[in-house]
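Visitor: Coordinates in run.tsv, TSV, C-alpha atoms, are listed below.
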chain	number	residue	atom	x	y	z
C	1	MET	CA	-106.64	-153.21	-83.77
C	2	ILE	CA	-109.12	-155.00	-81.52
C	3	ARG	CA	-109.20	-158.81	-81.74
C	4	HIS	CA	-111.78	-161.33	-80.52
C	5	HIS	CA	-111.44	-164.95	-81.68
C	6	LYS	CA	-111.30	-164.60	-85.50
C	7	THR	CA	-112.75	-161.08	-85.56
C	8	THR	CA	-110.44	-158.12	-86.11
C	9	ILE	CA	-111.55	-154.49	-85.87
C	10	PHE	CA	-109.21	-151.82	-87.21
C	11	THR	CA	-109.81	-148.43	-85.60
C	12	ASP	CA	-107.97	-145.20	-84.87
C	13	ALA	CA	-107.74	-143.94	-81.32
C	14	LYS	CA	-105.80	-141.19	-79.59
C	15	MET	CA	-103.51	-141.73	-76.64
C	16	SER	CA	-105.84	-139.45	-74.68
C	17	SER	CA	-108.89	-141.69	-75.36
C	18	THR	CA	-110.03	-143.79	-72.43
C	19	VAL	CA	-110.52	-147.54	-72.46
C	20	LEU	CA	-114.24	-146.88	-71.92
C	21	GLU	CA	-114.31	-144.72	-75.07
C	22	LEU	CA	-112.69	-147.58	-77.00
C	23	LYS	CA	-115.41	-149.90	-75.70
C	24	GLY	CA	-117.90	-147.39	-77.15
C	25	VAL	CA	-116.33	-147.92	-80.57
C	26	VAL	CA	-116.75	-151.68	-80.16
C	27	GLN	CA	-120.37	-151.14	-79.12
C	28	GLY	CA	-121.03	-149.14	-82.29
C	29	ILE	CA	-119.67	-151.96	-84.46
C	30	LEU	CA	-120.60	-155.18	-82.64
C	31	LYS	CA	-123.68	-153.94	-80.73
C	32	ARG	CA	-122.42	-155.15	-77.33
C	33	PRO	CA	-122.56	-152.64	-74.44
C	34	PRO	CA	-119.33	-151.68	-72.62
C	35	ASP	CA	-120.34	-153.56	-69.45
C	36	GLU	CA	-120.29	-156.80	-71.52
C	37	GLN	CA	-116.73	-156.16	-72.73
C	38	LYS	CA	-113.27	-156.61	-71.25
C	39	LEU	CA	-110.26	-155.22	-73.10
C	40	TYR	CA	-106.73	-156.56	-72.65
C	41	LYS	CA	-103.20	-155.56	-73.58
C	42	ASP	CA	-100.67	-158.38	-73.54
C	43	GLY	CA	-103.09	-160.49	-71.47
C	44	LYS	CA	-103.52	-157.77	-68.82
C	45	LEU	CA	-107.02	-156.37	-68.16
C	46	LEU	CA	-107.33	-152.66	-68.99
C	47	ASP	CA	-108.97	-150.21	-66.56
C	48	ASP	CA	-111.93	-148.34	-68.13
C	49	ARG	CA	-110.88	-145.05	-66.48
C	50	LYS	CA	-107.33	-145.01	-67.84
C	51	THR	CA	-106.28	-143.45	-71.11
C	52	LEU	CA	-104.72	-145.57	-73.81
C	53	GLY	CA	-101.47	-143.70	-73.22
C	54	GLU	CA	-101.56	-144.66	-69.54
C	55	CYS	CA	-102.08	-148.28	-70.61
C	56	GLY	CA	-98.87	-148.19	-72.66
C	57	PHE	CA	-100.20	-147.42	-76.13
C	58	THR	CA	-97.99	-144.79	-77.74
C	59	SER	CA	-97.19	-143.65	-81.26
C	60	ARG	CA	-94.13	-145.90	-81.06
C	61	THR	CA	-96.06	-149.01	-80.05
C	62	ALA	CA	-99.05	-148.44	-82.32
C	63	GLU	CA	-98.25	-147.43	-85.89
C	64	PRO	CA	-100.45	-147.74	-88.99
C	65	GLN	CA	-98.03	-150.30	-90.47
C	66	ALA	CA	-97.84	-152.24	-87.19
C	67	PRO	CA	-100.95	-151.56	-85.11
C	68	ALA	CA	-101.14	-152.42	-81.44
C	69	THR	CA	-103.39	-155.32	-80.52
C	70	VAL	CA	-106.15	-155.05	-77.94
C	71	GLY	CA	-107.76	-158.32	-76.87
C	72	LEU	CA	-111.53	-158.42	-76.43
C	73	ALA	CA	-113.61	-160.80	-74.30
C	74	PHE	CA	-117.40	-160.77	-73.97
C	75	GLY	CA	-119.56	-161.63	-71.03
C	76	ALA	CA	-122.99	-161.22	-69.51
C	77	ASP	CA	-124.25	-161.09	-65.93
C	78	GLY	CA	-120.68	-160.78	-64.66
C	79	VAL	CA	-119.47	-164.03	-66.28
C	80	PHE	CA	-116.88	-163.48	-69.00
C	81	GLU	CA	-115.34	-165.82	-71.53
C	82	ALA	CA	-111.61	-166.39	-71.46
C	83	LEU	CA	-109.61	-164.14	-73.73
C	84	HIS	CA	-108.99	-166.00	-76.98
C	85	ILE	CA	-107.47	-164.65	-80.18
C	86	GLU	CA	-107.05	-166.91	-83.20
C	87	PRO	CA	-103.72	-166.48	-84.97
C	88	PHE	CA	-103.87	-164.98	-88.43
C	89	SER	CA	-103.96	-167.62	-91.14
C	90	SER	CA	-100.96	-168.06	-93.38
C	91	PRO	CA	-101.22	-168.47	-97.13
C	92	LEU	CA	-100.47	-171.91	-98.49
C	93	GLN	CA	-96.91	-172.55	-99.62
C	94	LEU	CA	-96.75	-172.05	-103.38
C	95	PRO	CA	-94.50	-174.20	-105.54
C	96	ASP	CA	-91.23	-172.49	-106.20
C	97	VAL	CA	-91.17	-172.22	-109.99
C	98	THR	CA	-88.53	-169.51	-110.00
C	99	GLN	CA	-85.72	-171.77	-108.78
C	100	PRO	CA	-83.46	-173.44	-111.38
C	101	GLN	CA	-84.26	-177.10	-111.92
C	102	GLU	CA	-81.87	-179.88	-110.92
C	103	ALA	CA	-79.33	-181.04	-113.48
C	104	GLY	CA	-81.08	-183.13	-116.07
C	105	GLY	CA	-84.49	-181.96	-114.87
C	106	SER	CA	-85.14	-179.65	-117.79
C	107	ALA	CA	-83.94	-182.25	-120.32
C	108	GLY	CA	-86.47	-184.72	-118.95
C	109	VAL	CA	-89.23	-182.19	-119.49
C	110	SER	CA	-88.24	-181.55	-123.09
C	111	GLN	CA	-87.96	-185.31	-123.75
C	112	GLN	CA	-91.45	-185.81	-122.39
C	113	ARG	CA	-92.75	-183.05	-124.61
C	114	SER	CA	-91.04	-184.56	-127.67
C	115	LYS	CA	-92.61	-187.96	-127.03
C	116	SER	CA	-96.07	-186.51	-126.48
C	117	GLN	CA	-95.78	-184.44	-129.64
C	118	ALA	CA	-94.74	-187.49	-131.65
C	119	LEU	CA	-97.85	-189.44	-130.66
C	120	PRO	CA	-100.74	-189.29	-133.12
C	121	ARG	CA	-103.59	-187.13	-132.07
C	122	GLY	CA	-107.14	-188.32	-132.47
C	123	PRO	CA	-108.21	-191.52	-134.22
C	124	ALA	CA	-106.02	-192.92	-136.95
C	125	PRO	CA	-107.33	-192.21	-140.43
C	126	THR	CA	-109.16	-195.13	-142.05
C	127	PRO	CA	-108.21	-196.01	-145.61
C	128	HIS	CA	-110.93	-195.52	-148.21
C	129	PRO	CA	-111.49	-198.36	-150.71
C	130	GLN	CA	-110.69	-197.36	-154.27
Could you render the structure as structure tokens?
Guide:
Amino acid sequence: MIRHHKTTIFTDAKMSSTVLELKGVVQGILKRPPDEQKLYKDGKLLDDRKTLGECGFTSRTAEPQAPATVGLAFGADGVFEALHIEPFSSPLQLPDVTQPQEAGGSAGVSQQRSKSQALPRGPAPTPHPQ
């Protein structure tokens, strides 16, 4: 997977593919030419002429269930931004409704329900004169 700030690109590549070929994939998706891209592995700049295998990407380090991460930085006229990858967001913590309630906790709930059920609902009926 190729990551730039909050953008993530999932792609397949062979160990025999070059870094330059991977930049071609990025160009096809993000419309930025290879000379405006720098690719990194673990913060280290990758050489365009090397294969992904030579850069340390193997079937053991890059699996479909746990893809390898390639960092991407853009630039123009020889000036490149610093490599920055936003961490993936985490889902909010959900209340744990599957845990047993504290002693007395469930009784309090049923007492509250009993009281609310005992209250009259709607306006009280008005007596009709006879």
Visitor: Find the residues near segment 26-33 of chain C: any atom within 12 Å, counting all atoms listed in the file, skip ones fewer than 6 places away on the same chain, and give them as a list in words.
Guide: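 Here the qualifying residues turn out to be Met1, Ile2, Arg3, His4, Thr7, Thr8, Ile9, Phe10, Thr11, Asp12, Ala13, Val19, Leu20, Leu39, Val70, Gly71, Leu72, Ala73, Phe74, Gly75 and Ala76 of chain C.
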Visitor: What gap, in Å, lies between atom CA of Ala82 of chain C and atom CA of Gly24 of chain C?
Guide: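 Interatomic distance here is 20.8 Å.
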Visitor: Using all atoms listed in the file, can you tell me which of C:Lys41, C:Glu86, C:Asp96, C:Ser16 comes closest to Thr61 of chain C?
Guide: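 Checking each of C:Lys41, C:Glu86, C:Asp96, C:Ser16 against Thr61 of chain C, counting all atoms listed in the file, the winner is C:Lys41.
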Visitor: Hey, can I get the axis-aligned box for segment 59-71 of chain C? All listed atoms, 4 Å padding on each side, centre and edge lengths in Å to one decimal, as lines of an AutoDock Vina configuration file.
Guide:
center_x = -100.9
center_y = -151.0
center_z = -83.7
size_x = 21.6
size_y = 22.7
size_z = 21.6
Visitor: Any idea what the distance is between atom CA of Gly78 of chain C and atom CA of Met15 of chain C?
Guide: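 These two atoms are separated by 28.3 Å.
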Visitor: Work out how far atom CA of Lys23 of chain C is from atom CA of Glu36 of chain C, in Å to one decimal.
Guide: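 Computing it gives 9.4 Å between the two atoms.
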Visitor: Tell me which of C:Gly56, C:Pro64, C:Pro95, C:Glu21 sits closest to Lys44 of chain C, counting all atoms listed in the file.
Guide: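 Checking each candidate against Lys44 of chain C, we get C:Gly56 as the closest.
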Visitor: I'd like the neighbourhood of Thr51 of chain C as a list of chain:residue names, where a residue qualifies if any of its atoms comes within 6 Å (using only C-alpha atoms), though same-chain residues fewer than 2 positions away should be ignored.
Guide: C:Ser16, C:Ser17, C:Thr18, C:Gly53, C:Glu54
